[in-house]
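Colleague: Next comes entry_22.cif, mmCIF, C-alpha atoms and all ligand atoms:
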data_my_file
loop_
_atom_site.label_atom_id
_atom_site.label_comp_id
_atom_site.auth_asym_id
_atom_site.auth_seq_id
_atom_site.Cartn_x
_atom_site.Cartn_y
_atom_site.Cartn_z
CA MET A 1 -77.76 180.05 -79.87
CA SER A 2 -80.29 177.21 -79.67
CA SER A 3 -79.09 173.64 -80.14
CA THR A 4 -80.88 173.72 -83.51
CA GLU A 5 -78.93 176.79 -84.62
CA ARG A 6 -75.63 175.38 -83.36
CA SER A 7 -76.18 172.13 -85.18
CA ILE A 8 -77.11 173.83 -88.46
CA ALA A 9 -74.15 176.24 -88.26
CA ALA A 10 -71.73 173.32 -87.73
CA ALA A 11 -73.29 171.37 -90.59
CA GLU A 12 -72.97 174.38 -92.88
CA ALA A 13 -69.34 174.90 -91.90
CA HIS A 14 -68.26 171.32 -92.47
CA SER A 15 -70.49 169.78 -95.14
CA ALA A 16 -70.67 170.50 -98.84
CA HIS A 17 -73.66 172.69 -99.61
CA ASN A 18 -75.23 170.32 -102.10
CA TYR A 19 -78.57 170.49 -100.23
CA HIS A 20 -80.69 173.28 -98.75
CA PRO A 21 -82.50 171.51 -95.90
CA LEU A 22 -85.34 173.02 -93.93
CA PRO A 23 -83.98 174.32 -90.60
CA VAL A 24 -85.07 171.38 -88.46
CA VAL A 25 -82.64 168.98 -86.74
CA VAL A 26 -84.25 165.59 -86.23
CA ALA A 27 -83.20 163.47 -83.26
CA SER A 28 -85.67 160.59 -83.37
CA ALA A 29 -88.73 159.36 -85.23
CA GLU A 30 -91.56 156.86 -85.05
CA GLY A 31 -94.25 156.05 -87.58
CA ALA A 32 -95.16 159.29 -89.38
CA TRP A 33 -93.71 161.56 -86.68
CA MET A 34 -90.24 162.99 -86.16
CA THR A 35 -88.92 164.73 -83.04
CA ASP A 36 -86.24 167.41 -83.21
CA VAL A 37 -83.32 168.11 -80.85
CA GLU A 38 -85.51 170.49 -78.86
CA GLY A 39 -88.33 168.01 -78.39
CA ARG A 40 -90.72 169.48 -81.00
CA ARG A 41 -92.75 166.91 -82.96
CA TYR A 42 -93.33 167.13 -86.70
CA LEU A 43 -95.56 165.20 -89.06
CA ASP A 44 -93.37 163.73 -91.82
CA MET A 45 -95.18 164.28 -95.12
CA LEU A 46 -92.13 163.47 -97.26
CA ALA A 47 -91.11 160.03 -95.96
CA GLY A 48 -87.54 160.24 -97.22
CA TYR A 49 -88.76 160.65 -100.81
CA SER A 50 -90.73 157.41 -100.34
CA ALA A 51 -87.85 155.44 -98.83
CA LEU A 52 -89.92 155.41 -95.62
CA ASN A 53 -93.15 153.98 -97.03
CA PHE A 54 -93.47 151.72 -93.97
CA GLY A 55 -92.81 154.53 -91.50
CA HIS A 56 -89.96 155.38 -89.16
CA GLY A 57 -88.85 152.68 -86.77
CA ASN A 58 -91.15 150.06 -88.27
CA ARG A 59 -91.12 147.22 -85.73
CA ARG A 60 -90.95 144.42 -88.28
CA LEU A 61 -88.06 146.05 -90.14
CA LEU A 62 -86.13 146.86 -86.97
CA ASP A 63 -86.55 143.31 -85.67
CA ALA A 64 -85.37 141.86 -88.98
CA ALA A 65 -82.37 144.19 -89.00
CA LYS A 66 -81.45 143.53 -85.37
CA ALA A 67 -81.63 139.77 -85.77
CA GLN A 68 -79.43 139.93 -88.84
CA LEU A 69 -76.95 142.36 -87.21
CA GLU A 70 -76.19 139.68 -84.62
CA ARG A 71 -75.59 136.98 -87.22
CA VAL A 72 -73.64 138.30 -90.22
CA THR A 73 -73.78 141.64 -92.02
CA LEU A 74 -71.40 141.38 -94.95
CA THR A 75 -69.72 138.61 -96.87
CA SER A 76 -69.14 140.39 -100.20
CA ARG A 77 -70.25 138.45 -103.24
CA ALA A 78 -67.01 136.48 -103.08
CA PHE A 79 -69.00 133.99 -100.97
CA HIS A 80 -72.62 132.92 -100.80
CA HIS A 81 -74.68 133.80 -97.73
CA ASP A 82 -77.88 132.30 -96.43
CA ARG A 83 -80.23 135.25 -97.07
CA PHE A 84 -79.27 135.84 -100.68
CA ALA A 85 -81.27 133.12 -102.43
CA ASP A 86 -84.47 133.98 -100.54
CA PHE A 87 -84.06 137.66 -101.32
CA CYS A 88 -83.56 137.09 -105.05
CA THR A 89 -86.28 134.45 -105.31
CA GLN A 90 -88.88 136.45 -103.41
CA LEU A 91 -88.12 139.77 -105.09
CA ALA A 92 -88.26 138.15 -108.52
CA GLU A 93 -91.59 136.59 -107.53
CA LEU A 94 -93.00 139.91 -106.28
CA CYS A 95 -92.11 141.40 -109.67
CA ALA A 96 -93.27 138.34 -111.65
CA MET A 97 -89.79 138.24 -113.19
CA ASP A 98 -86.94 135.69 -113.24
CA MET A 99 -83.79 137.33 -111.97
CA VAL A 100 -82.45 140.02 -109.66
CA LEU A 101 -79.23 142.02 -109.71
CA PRO A 102 -78.83 143.72 -106.32
CA MET A 103 -77.08 147.05 -105.74
CA ASN A 104 -77.31 149.66 -102.97
CA THR A 105 -78.48 153.09 -104.10
CA GLY A 106 -81.01 154.03 -106.74
CA ALA A 107 -78.41 155.63 -108.98
CA GLU A 108 -76.36 152.44 -108.96
CA ALA A 109 -79.41 150.46 -109.97
CA VAL A 110 -80.11 152.87 -112.85
CA GLU A 111 -76.46 152.56 -113.92
CA THR A 112 -76.91 148.80 -113.78
CA ALA A 113 -80.03 149.04 -115.94
CA VAL A 114 -78.12 151.14 -118.49
CA LYS A 115 -75.22 148.68 -118.59
CA THR A 116 -77.59 145.71 -118.80
CA ALA A 117 -79.57 147.23 -121.67
CA ARG A 118 -76.39 148.01 -123.60
CA LYS A 119 -74.99 144.53 -123.11
CA TRP A 120 -78.33 143.00 -124.10
CA GLY A 121 -78.31 145.23 -127.17
CA TYR A 122 -74.90 143.99 -128.31
CA LYS A 123 -75.20 140.35 -127.28
CA VAL A 124 -78.86 139.61 -127.98
CA LYS A 125 -80.32 142.26 -130.27
CA GLY A 126 -77.18 142.51 -132.41
CA VAL A 127 -76.60 146.26 -132.30
CA PRO A 128 -73.16 147.14 -133.78
CA ASP A 129 -70.56 147.73 -131.07
CA GLY A 130 -70.55 151.21 -129.56
CA ARG A 131 -73.84 152.30 -131.13
CA ALA A 132 -76.41 151.40 -128.45
CA LYS A 133 -78.92 154.18 -127.80
CA ILE A 134 -81.25 154.63 -124.85
CA VAL A 135 -84.25 156.95 -125.12
CA VAL A 136 -85.24 158.88 -121.99
CA ALA A 137 -87.78 161.60 -121.13
CA ASP A 138 -87.25 165.26 -120.39
CA ASN A 139 -87.61 166.37 -116.76
CA ASN A 140 -86.48 162.90 -115.72
CA PHE A 141 -84.82 162.15 -112.42
CA HIS A 142 -82.78 158.95 -112.32
CA GLY A 143 -79.96 159.89 -109.93
CA ARG A 144 -76.72 161.83 -109.75
CA THR A 145 -73.86 159.92 -111.36
CA THR A 146 -71.95 161.43 -114.28
CA THR A 147 -73.72 159.17 -116.80
CA ILE A 148 -77.16 159.80 -115.33
CA VAL A 149 -76.79 163.60 -115.22
CA SER A 150 -75.62 163.37 -118.83
CA PHE A 151 -79.25 162.73 -119.82
CA SER A 152 -80.85 165.11 -117.32
CA THR A 153 -82.62 168.25 -118.57
CA ASP A 154 -82.23 169.95 -115.18
CA ALA A 155 -79.57 172.66 -115.61
CA GLU A 156 -78.62 172.62 -111.91
CA ALA A 157 -78.12 168.87 -111.88
CA ARG A 158 -76.04 168.92 -115.05
CA ALA A 159 -74.02 172.13 -115.46
CA ASP A 160 -70.24 171.87 -114.94
CA PHE A 161 -70.26 168.08 -114.73
CA GLY A 162 -69.34 167.31 -118.32
CA PRO A 163 -67.98 165.83 -120.47
CA TYR A 164 -71.25 163.96 -120.76
CA THR A 165 -71.78 160.29 -121.53
CA PRO A 166 -73.13 159.81 -125.07
CA GLY A 167 -75.74 157.26 -126.09
CA PHE A 168 -78.95 158.91 -124.87
CA GLU A 169 -81.75 160.74 -126.65
CA ILE A 170 -84.23 162.88 -124.76
CA VAL A 171 -87.89 163.16 -125.83
CA PRO A 172 -90.83 164.98 -124.20
CA TYR A 173 -92.44 162.94 -121.41
CA GLY A 174 -95.90 161.68 -122.30
CA ASP A 175 -95.45 162.18 -126.06
CA LEU A 176 -95.74 158.81 -127.76
CA ALA A 177 -95.17 160.14 -131.28
CA ALA A 178 -91.88 161.75 -130.22
CA LEU A 179 -90.81 158.49 -128.61
CA GLU A 180 -91.69 156.51 -131.70
CA ALA A 181 -89.67 158.90 -133.87
CA ALA A 182 -86.63 158.56 -131.57
CA VAL A 183 -86.57 154.76 -131.54
CA ASP A 184 -84.27 153.43 -134.27
CA GLU A 185 -82.51 150.16 -135.04
CA ASP A 186 -79.69 150.95 -132.57
CA THR A 187 -82.11 151.67 -129.74
CA VAL A 188 -81.74 149.15 -126.92
CA ALA A 189 -84.05 150.64 -124.32
CA VAL A 190 -86.57 153.26 -123.30
CA LEU A 191 -85.96 154.36 -119.71
CA LEU A 192 -88.86 156.12 -117.95
CA GLU A 193 -90.39 156.88 -114.58
CA PRO A 194 -94.04 155.73 -114.78
CA ILE A 195 -94.78 158.86 -112.72
CA GLN A 196 -92.12 161.58 -112.62
CA GLY A 197 -91.52 162.27 -108.92
CA GLU A 198 -88.85 164.95 -108.77
CA ALA A 199 -90.42 166.76 -111.73
CA GLY A 200 -93.46 167.41 -109.52
CA VAL A 201 -95.35 164.09 -109.45
CA LEU A 202 -96.22 164.23 -113.15
CA VAL A 203 -98.64 161.50 -114.22
CA PRO A 204 -98.39 160.75 -117.96
CA PRO A 205 -101.52 160.96 -120.15
CA PRO A 206 -103.77 157.87 -120.03
CA GLY A 207 -102.58 155.18 -122.42
CA TYR A 208 -99.00 156.46 -122.55
CA LEU A 209 -97.40 153.59 -120.65
CA GLN A 210 -99.43 151.10 -122.70
CA GLY A 211 -98.27 152.83 -125.84
CA VAL A 212 -94.66 152.65 -124.68
CA ARG A 213 -95.13 148.96 -123.95
CA GLU A 214 -96.54 148.21 -127.41
CA LEU A 215 -93.94 150.32 -129.20
CA THR A 216 -90.97 148.82 -127.37
CA ARG A 217 -92.28 145.28 -127.81
CA SER A 218 -92.84 145.70 -131.53
CA ARG A 219 -89.40 147.29 -132.07
CA ASN A 220 -87.42 144.81 -129.94
CA VAL A 221 -86.47 147.50 -127.43
CA LEU A 222 -86.39 147.05 -123.64
CA PHE A 223 -88.87 149.04 -121.57
CA ILE A 224 -87.10 149.97 -118.34
CA ALA A 225 -89.39 151.32 -115.61
CA ASP A 226 -87.58 153.33 -112.94
CA GLU A 227 -89.95 152.56 -110.05
CA ILE A 228 -87.46 153.66 -107.40
CA GLN A 229 -89.88 156.29 -106.09
CA SER A 230 -93.20 155.24 -107.64
CA GLY A 231 -92.95 151.57 -106.73
CA LEU A 232 -93.49 149.44 -103.63
CA GLY A 233 -96.90 150.65 -102.55
CA ARG A 234 -96.75 154.42 -102.92
CA THR A 235 -99.39 154.73 -105.66
CA GLY A 236 -101.72 152.08 -104.27
CA ARG A 237 -100.16 149.28 -106.31
CA THR A 238 -96.90 147.43 -105.93
CA PHE A 239 -95.79 149.11 -109.15
CA ALA A 240 -97.12 152.31 -110.72
CA CYS A 241 -97.05 150.56 -114.13
CA GLU A 242 -99.92 148.36 -112.90
CA HIS A 243 -102.32 151.31 -113.16
CA GLU A 244 -102.15 150.80 -116.92
CA GLY A 245 -101.87 147.04 -116.76
CA VAL A 246 -98.33 147.32 -118.10
CA VAL A 247 -95.41 145.00 -117.33
CA PRO A 248 -92.03 146.46 -118.36
CA ASP A 249 -88.98 144.39 -119.30
CA MET A 250 -87.04 145.66 -116.34
CA TYR A 251 -87.93 147.21 -113.00
CA VAL A 252 -85.43 149.48 -111.29
CA LEU A 253 -86.11 149.50 -107.55
CA GLY A 254 -84.59 151.28 -104.57
CA LYS A 255 -85.72 153.63 -101.82
CA ALA A 256 -88.50 151.71 -99.97
CA LEU A 257 -86.84 148.37 -100.81
CA GLY A 258 -84.51 149.10 -97.87
CA GLY A 259 -87.40 150.31 -95.69
CA GLY A 260 -85.50 153.47 -94.76
CA VAL A 261 -83.17 151.27 -92.71
CA VAL A 262 -80.39 150.43 -95.17
CA PRO A 263 -79.81 151.35 -98.81
CA VAL A 264 -81.05 148.50 -101.01
CA SER A 265 -81.62 148.69 -104.74
CA ALA A 266 -82.03 146.20 -107.53
CA VAL A 267 -82.67 145.60 -111.18
CA VAL A 268 -85.28 142.91 -111.72
CA SER A 269 -85.86 141.36 -115.13
CA SER A 270 -86.20 138.26 -117.25
CA ARG A 271 -83.58 135.56 -117.80
CA ALA A 272 -83.25 136.72 -121.42
CA VAL A 273 -82.08 140.12 -120.17
CA LEU A 274 -80.23 139.64 -116.86
CA GLY A 275 -78.86 136.38 -118.18
CA VAL A 276 -76.37 138.39 -120.28
CA TYR A 277 -73.92 138.73 -117.40
CA ALA A 278 -70.90 136.56 -116.76
CA PRO A 279 -68.70 136.71 -113.64
CA GLY A 280 -66.54 139.82 -113.41
CA GLU A 281 -68.63 141.97 -115.73
CA HIS A 282 -70.48 143.95 -113.07
CA GLY A 283 -70.68 144.06 -109.29
CA SER A 284 -70.78 145.84 -105.96
CA THR A 285 -69.04 145.13 -102.63
CA PHE A 286 -72.17 145.83 -100.61
CA GLY A 287 -74.84 144.87 -103.16
CA GLY A 288 -76.98 142.02 -101.86
CA ASN A 289 -75.32 141.95 -98.42
CA PRO A 290 -76.98 139.88 -95.65
CA LEU A 291 -78.29 142.89 -93.70
CA ALA A 292 -79.77 144.43 -96.86
CA CYS A 293 -81.35 141.12 -97.83
CA ALA A 294 -82.83 140.57 -94.36
CA VAL A 295 -84.48 144.01 -94.33
CA ALA A 296 -85.65 143.77 -97.94
CA LEU A 297 -87.13 140.31 -97.30
CA GLU A 298 -89.30 141.85 -94.59
CA VAL A 299 -90.27 144.68 -96.99
CA ILE A 300 -91.26 142.10 -99.60
CA ALA A 301 -93.28 140.15 -97.02
CA MET A 302 -95.15 143.33 -96.04
CA LEU A 303 -95.87 144.15 -99.68
CA ARG A 304 -97.12 140.63 -100.35
CA SER A 305 -99.97 141.15 -97.88
CA GLY A 306 -101.34 144.02 -100.00
CA GLU A 307 -102.30 146.00 -96.89
CA PHE A 308 -99.95 148.91 -97.62
CA GLN A 309 -101.13 149.19 -101.21
CA GLN A 310 -104.71 149.24 -99.95
CA ARG A 311 -103.91 151.91 -97.38
CA ALA A 312 -102.23 154.02 -100.07
CA THR A 313 -105.33 153.67 -102.24
CA GLU A 314 -107.81 154.56 -99.49
CA LEU A 315 -105.83 157.37 -97.88
CA GLY A 316 -104.77 158.54 -101.34
CA ASP A 317 -108.38 158.85 -102.50
CA HIS A 318 -109.06 160.91 -99.41
CA LEU A 319 -105.92 163.05 -99.90
CA HIS A 320 -106.69 163.79 -103.55
CA GLY A 321 -110.35 164.48 -102.76
CA GLU A 322 -109.30 167.10 -100.21
CA LEU A 323 -106.58 168.61 -102.40
CA ARG A 324 -108.90 168.91 -105.40
CA LEU A 325 -111.14 171.17 -103.31
CA LEU A 326 -108.27 173.67 -103.12
CA VAL A 327 -107.78 173.94 -106.88
CA GLY A 328 -109.20 177.10 -108.43
CA GLY A 329 -109.66 178.89 -105.11
CA GLY A 330 -106.67 181.11 -105.78
CA ALA A 331 -104.16 179.26 -103.61
CA VAL A 332 -103.53 176.11 -105.63
CA ASP A 333 -103.17 176.01 -109.42
CA ALA A 334 -103.06 172.25 -109.93
CA VAL A 335 -102.79 168.95 -108.10
CA ARG A 336 -101.42 165.72 -109.57
CA GLY A 337 -100.56 162.27 -108.37
CA ARG A 338 -101.71 158.79 -107.53
CA GLY A 339 -102.24 157.01 -104.26
CA LEU A 340 -100.63 158.65 -101.26
CA TRP A 341 -98.48 160.87 -103.47
CA ALA A 342 -99.30 164.37 -104.66
CA GLY A 343 -97.65 167.34 -106.33
CA VAL A 344 -99.37 170.59 -105.41
CA ASP A 345 -98.66 173.66 -107.55
CA ILE A 346 -98.88 176.69 -105.30
CA ASN A 347 -100.19 179.91 -106.83
CA PRO A 348 -97.33 182.46 -106.75
CA SER A 349 -99.57 184.84 -104.76
CA ARG A 350 -99.12 182.49 -101.79
CA GLY A 351 -95.31 182.39 -102.05
CA SER A 352 -92.81 179.91 -103.40
CA GLY A 353 -92.87 176.19 -102.66
CA ARG A 354 -89.97 176.80 -100.28
CA ALA A 355 -91.83 179.56 -98.43
CA VAL A 356 -94.90 177.35 -98.04
CA SER A 357 -92.67 174.49 -96.82
CA GLU A 358 -91.15 176.81 -94.20
CA GLN A 359 -94.58 177.98 -93.05
CA LEU A 360 -95.72 174.37 -92.80
CA MET A 361 -92.61 173.59 -90.77
CA ALA A 362 -93.55 176.35 -88.33
CA ARG A 363 -96.84 174.45 -87.95
CA ARG A 364 -94.96 171.18 -87.46
CA VAL A 365 -95.56 169.63 -90.85
CA LEU A 366 -92.58 168.67 -93.01
CA VAL A 367 -92.85 168.66 -96.80
CA LYS A 368 -90.39 169.40 -99.59
CA ASP A 369 -90.72 171.81 -102.48
CA THR A 370 -89.61 170.98 -106.00
CA HIS A 371 -89.08 173.16 -109.06
CA GLY A 372 -89.99 176.42 -107.37
CA ALA A 373 -93.75 176.38 -107.13
CA THR A 374 -94.58 172.78 -106.29
CA ILE A 375 -94.74 170.98 -102.97
CA ARG A 376 -94.71 167.24 -102.76
CA ILE A 377 -96.86 165.30 -100.34
CA ALA A 378 -95.86 161.70 -99.69
CA PRO A 379 -96.32 160.70 -96.05
CA PRO A 380 -95.42 157.22 -94.83
CA LEU A 381 -98.17 154.78 -95.84
CA VAL A 382 -98.67 153.98 -92.15
CA ILE A 383 -99.92 157.52 -91.40
CA SER A 384 -103.31 157.59 -89.65
CA LYS A 385 -106.24 159.31 -91.34
CA GLU A 386 -106.47 161.70 -88.39
CA ASP A 387 -102.83 162.74 -88.77
CA LEU A 388 -103.25 163.14 -92.53
CA ASP A 389 -106.29 165.35 -91.96
CA TRP A 390 -104.39 167.40 -89.39
CA GLY A 391 -101.57 167.90 -91.92
CA LEU A 392 -104.08 168.95 -94.58
CA THR A 393 -105.63 171.44 -92.16
CA GLN A 394 -102.20 173.00 -91.64
CA LEU A 395 -101.77 173.23 -95.41
CA ARG A 396 -105.16 174.90 -95.87
CA GLU A 397 -104.38 177.40 -93.13
CA VAL A 398 -100.95 178.24 -94.55
CA LEU A 399 -102.51 178.78 -97.96
CA GLY A 400 -105.41 180.77 -96.52
CA ALA A 401 -107.74 178.34 -98.27
C1 LIG A 501 -84.33 158.79 -105.80
C2 LIG A 501 -84.41 158.33 -107.19
C3 LIG A 501 -83.29 157.82 -107.86
C4 LIG A 501 -81.91 157.82 -107.24
O1 LIG A 501 -81.84 157.10 -106.05
P1 LIG A 501 -80.61 157.34 -105.05
O2 LIG A 501 -80.77 156.26 -104.03
O3 LIG A 501 -80.76 158.71 -104.47
O4 LIG A 501 -79.36 157.20 -105.84
C5 LIG A 501 -83.46 157.34 -109.14
N1 LIG A 501 -84.66 157.36 -109.74
C6 LIG A 501 -85.76 157.84 -109.14
C7 LIG A 501 -87.07 157.81 -109.86
C8 LIG A 501 -85.68 158.36 -107.84
O5 LIG A 501 -86.76 158.87 -107.26
#
If you convert what's in this file into structure tokens, what do you get?
Modeller:
Amino acid sequence: MSSTERSIAAAEAHSAHNYHPLPVVVASAEGAWMTDVEGRRYLDMLAGYSALNFGHGNRRLLDAAKAQLERVTLTSRAFHHDRFADFCTQLAELCAMDMVLPMNTGAEAVETAVKTARKWGYKVKGVPDGRAKIVVADNNFHGRTTTIVSFSTDAEARADFGPYTPGFEIVPYGDLAALEAAVDEDTVAVLLEPIQGEAGVLVPPPGYLQGVRELTRSRNVLFIADEIQSGLGRTGRTFACEHEGVVPDMYVLGKALGGGVVPVSAVVSSRAVLGVYAPGEHGSTFGGNPLACAVALEVIAMLRSGEFQQRATELGDHLHGELRLLVGGGAVDAVRGRGLWAGVDINPSRGSGRAVSEQLMARRVLVKDTHGATIRIAPPLVISKEDLDWGLTQLREVLGA
């Protein structure tokens, strides 16, 4: 047995089988490259579902983390610490908002957004107690908690986890008329991904986000943008909403906010919305801890320069230009996305998304399939153009294109 096989067998024996990873065992990584336990190098074209926008082992992030590790890592929110104010101030500023509520994982931040919208609905909008409704889109992905899977349309994510949390209505993504019909006087929020990542990098029709913005504003409903995957540089902007010149009422952030070093998530909004909280009403032991704040502050500083957004735009234009050439040649049915982020629908004649991912792995390129026929391409934004081109060559060869 190879060390790879031994490691995978042990993992399968002693971990719950809630994932089906590709058979590669990573031992180290740098930039856009990962090295496995047998010394083979792979190009990372997934980047931890965009948690690794700034690459593996980013020097600035590691230095920030190391310096903070030596000082203080956790105080709990029972006490103040000296990185907290800077983190909240600078994140609010990056989002052009007033206030931040820090959590750890994306799902926790979505839960926080749901709780915040409900509280705002009762305290500010005047919705009768217990009636608050949140409208969401089909094919959404917002995380894995019991409440969040309650409004998933993915059978695998949802089956056998009921009873489900009430208070959500699901409408087709991209359909403004359906959304308008669903919004009523008890509606407190519309919760959407500006681009649906897990669904296959689905970009809504032009004007949709603007329409959502106008509708929610005119009906006194909060527009919550889950930018956990789409935000922080991936699409060529700090936020994917910017592509339509839209500012939501609330951003939900995670993934790249912790730079792939520590889990950091947050809800960022106005004083009128996040101001609804009083002490004791919500919290998290680790949310906003000093280590998280130190790493996130460095992430924010990197985003402020605009260089990563620009890279995502330039490399993304190149990526989409190359991918478009594959459409219609028999191997690829469709390509979607924005910036350095693409969903590629593989023609069934070339095998499933999983089969293509495995063939790419054999050629030392790591991607992840989603929903059967689609592969997702989202390398770290620090990838070189040469490496991106090499990865695309491997894809063309696997697809016989
Ligand atoms: C990943 C993701 C989440 C959940 O984040 P976790 O950190 O895995 O809990 C929520 N929303 C979107 C859009 C995501 O991509």
Colleague: Please give me, as an NGL selection string, the residues lying within 8 Å of ligand LIG 501 (chain A) when counting all atoms listed in the file.
Modeller: :A and (49 or 104-110 or 140-144 or 193 or 196-198 or 226-230 or 254-255 or 263 or 265)
Colleague: What does the structure give for the distance between atom CA of A:Val365 and atom CA of A:Leu43, in Å to one decimal?
Modeller: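 Pair atom CA of A:Val365 / atom CA of A:Leu43 returns 4.8 Å.
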Colleague: If I take atom CA of A:Glu5 and atom CA of A:Val398, how far is one from the other in Å, to one decimal?
Modeller: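 It comes out at 24.2 Å.
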Colleague: Any idea what the distance is between atom CA of A:Ala29 and atom CA of A:Asn58?
Modeller: 10.1 Å
Colleague: Tell me which protein, DNA and RNA residues are within 10 Å of A:Ala137, counting all atoms listed in the file, leaving out same-chain ones fewer than 4 positions away, and put them as an MDAnalysis selection string.
Modeller: chainID A and resid 141 151:153 168:175 178:179 190:193 196
Colleague: Per residue of stretch 298-373 of chain A within 10 Å of stretch 381-393 of chain A, record the nearest atom pair and its distance in Å to one decimal, counting only C-alpha atoms, with rows in chain order and ascending residue number, as JSON lines.
Modeller:
{"residue": "A:Glu307", "atom": "CA", "partner": "A:Leu381", "partner_atom": "CA", "distance": 9.8}
{"residue": "A:Phe308", "atom": "CA", "partner": "A:Leu381", "partner_atom": "CA", "distance": 6.4}
{"residue": "A:Gln309", "atom": "CA", "partner": "A:Leu381", "partner_atom": "CA", "distance": 8.3}
{"residue": "A:Gln310", "atom": "CA", "partner": "A:Leu381", "partner_atom": "CA", "distance": 9.5}
{"residue": "A:Arg311", "atom": "CA", "partner": "A:Leu381", "partner_atom": "CA", "distance": 6.6}
{"residue": "A:Ala312", "atom": "CA", "partner": "A:Leu381", "partner_atom": "CA", "distance": 5.9}
{"residue": "A:Thr313", "atom": "CA", "partner": "A:Leu381", "partner_atom": "CA", "distance": 9.7}
{"residue": "A:Glu314", "atom": "CA", "partner": "A:Lys385", "partner_atom": "CA", "distance": 9.6}
{"residue": "A:Leu315", "atom": "CA", "partner": "A:Lys385", "partner_atom": "CA", "distance": 6.8}
{"residue": "A:Gly316", "atom": "CA", "partner": "A:Leu381", "partner_atom": "CA", "distance": 9.4}
{"residue": "A:His318", "atom": "CA", "partner": "A:Lys385", "partner_atom": "CA", "distance": 8.7}
{"residue": "A:Leu319", "atom": "CA", "partner": "A:Leu388", "partner_atom": "CA", "distance": 7.8}
{"residue": "A:Glu322", "atom": "CA", "partner": "A:Leu392", "partner_atom": "CA", "distance": 7.9}
{"residue": "A:Leu323", "atom": "CA", "partner": "A:Leu392", "partner_atom": "CA", "distance": 8.2}
{"residue": "A:Gly339", "atom": "CA", "partner": "A:Leu381", "partner_atom": "CA", "distance": 9.6}
{"residue": "A:Leu340", "atom": "CA", "partner": "A:Leu381", "partner_atom": "CA", "distance": 7.1}
{"residue": "A:Trp341", "atom": "CA", "partner": "A:Leu381", "partner_atom": "CA", "distance": 9.8}
{"residue": "A:Leu360", "atom": "CA", "partner": "A:Gly391", "partner_atom": "CA", "distance": 8.8}
{"residue": "A:Arg363", "atom": "CA", "partner": "A:Gly391", "partner_atom": "CA", "distance": 9.0}
{"residue": "A:Arg364", "atom": "CA", "partner": "A:Gly391", "partner_atom": "CA", "distance": 8.6}
{"residue": "A:Val365", "atom": "CA", "partner": "A:Gly391", "partner_atom": "CA", "distance": 6.3}
{"residue": "A:Leu366", "atom": "CA", "partner": "A:Gly391", "partner_atom": "CA", "distance": 9.1}
Colleague: Deliver the residues from the most recent selection as a file, using C-alpha atoms, as a PDB file, in the coordinates of the input.
Modeller:
ATOM      1  CA  GLU A 307    -102.300 146.000 -96.890  1.00  0.00           C
ATOM      2  CA  PHE A 308     -99.950 148.910 -97.620  1.00  0.00           C
ATOM      3  CA  GLN A 309    -101.130 149.190-101.210  1.00  0.00           C
ATOM      4  CA  GLN A 310    -104.710 149.240 -99.950  1.00  0.00           C
ATOM      5  CA  ARG A 311    -103.910 151.910 -97.380  1.00  0.00           C
ATOM      6  CA  ALA A 312    -102.230 154.020-100.070  1.00  0.00           C
ATOM      7  CA  THR A 313    -105.330 153.670-102.240  1.00  0.00           C
ATOM      8  CA  GLU A 314    -107.810 154.560 -99.490  1.00  0.00           C
ATOM      9  CA  LEU A 315    -105.830 157.370 -97.880  1.00  0.00           C
ATOM     10  CA  GLY A 316    -104.770 158.540-101.340  1.00  0.00           C
ATOM     11  CA  HIS A 318    -109.060 160.910 -99.410  1.00  0.00           C
ATOM     12  CA  LEU A 319    -105.920 163.050 -99.900  1.00  0.00           C
ATOM     13  CA  GLU A 322    -109.300 167.100-100.210  1.00  0.00           C
ATOM     14  CA  LEU A 323    -106.580 168.610-102.400  1.00  0.00           C
ATOM     15  CA  GLY A 339    -102.240 157.010-104.260  1.00  0.00           C
ATOM     16  CA  LEU A 340    -100.630 158.650-101.260  1.00  0.00           C
ATOM     17  CA  TRP A 341     -98.480 160.870-103.470  1.00  0.00           C
ATOM     18  CA  LEU A 360     -95.720 174.370 -92.800  1.00  0.00           C
ATOM     19  CA  ARG A 363     -96.840 174.450 -87.950  1.00  0.00           C
ATOM     20  CA  ARG A 364     -94.960 171.180 -87.460  1.00  0.00           C
ATOM     21  CA  VAL A 365     -95.560 169.630 -90.850  1.00  0.00           C
ATOM     22  CA  LEU A 366     -92.580 168.670 -93.010  1.00  0.00           C
TER      23      LEU A 366
END
Colleague: Return the single residue from A:Leu91, A:Leu52, A:Ile346, A:Met302 that is closest to A:Ser269, with distances computed using all atoms listed in the file.
Modeller: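 Ranked by minimum distance to A:Ser269, first place goes to A:Leu91.
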Colleague: Please return as a list of chain:residue names every residue within 10 Å of (-87.7, 155.5, -131.9), taking into account only C-alpha atoms and the file's own coordinates.
Modeller: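 Result, sorted by chain then residue number: A:Lys133, A:Ile134, A:Val135, A:Glu169, A:Val171, A:Leu176, A:Ala177, A:Ala178, A:Leu179, A:Glu180, A:Ala181, A:Ala182, A:Val183, A:Asp184, A:Glu185, A:Asp186, A:Thr187, A:Ala189, A:Val190, A:Leu215, A:Thr216, A:Arg219, A:Val221.
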Colleague: Nearest to A:Ile300 among A:Ile375, A:Ala256, A:Met250, A:Ile8, with distances taken over all atoms listed in the file: which residue is it?
Modeller: A:Ala256
Colleague: Skip A:Thr238 itself and residues of its chain fewer than 2 positions away, then list as a list in words all residues within 9 Å of it, counting all atoms listed in the file.
Modeller: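 Neighbouring residues, sequence-local ones excluded: Leu94, Cys95, Ser230, Gly231, Leu232, Gly233, Arg234, Thr235, Gly236, Ala240, Cys241, Glu242, Leu303, Arg304, Gly306, Phe308 and Gln309 of chain A.
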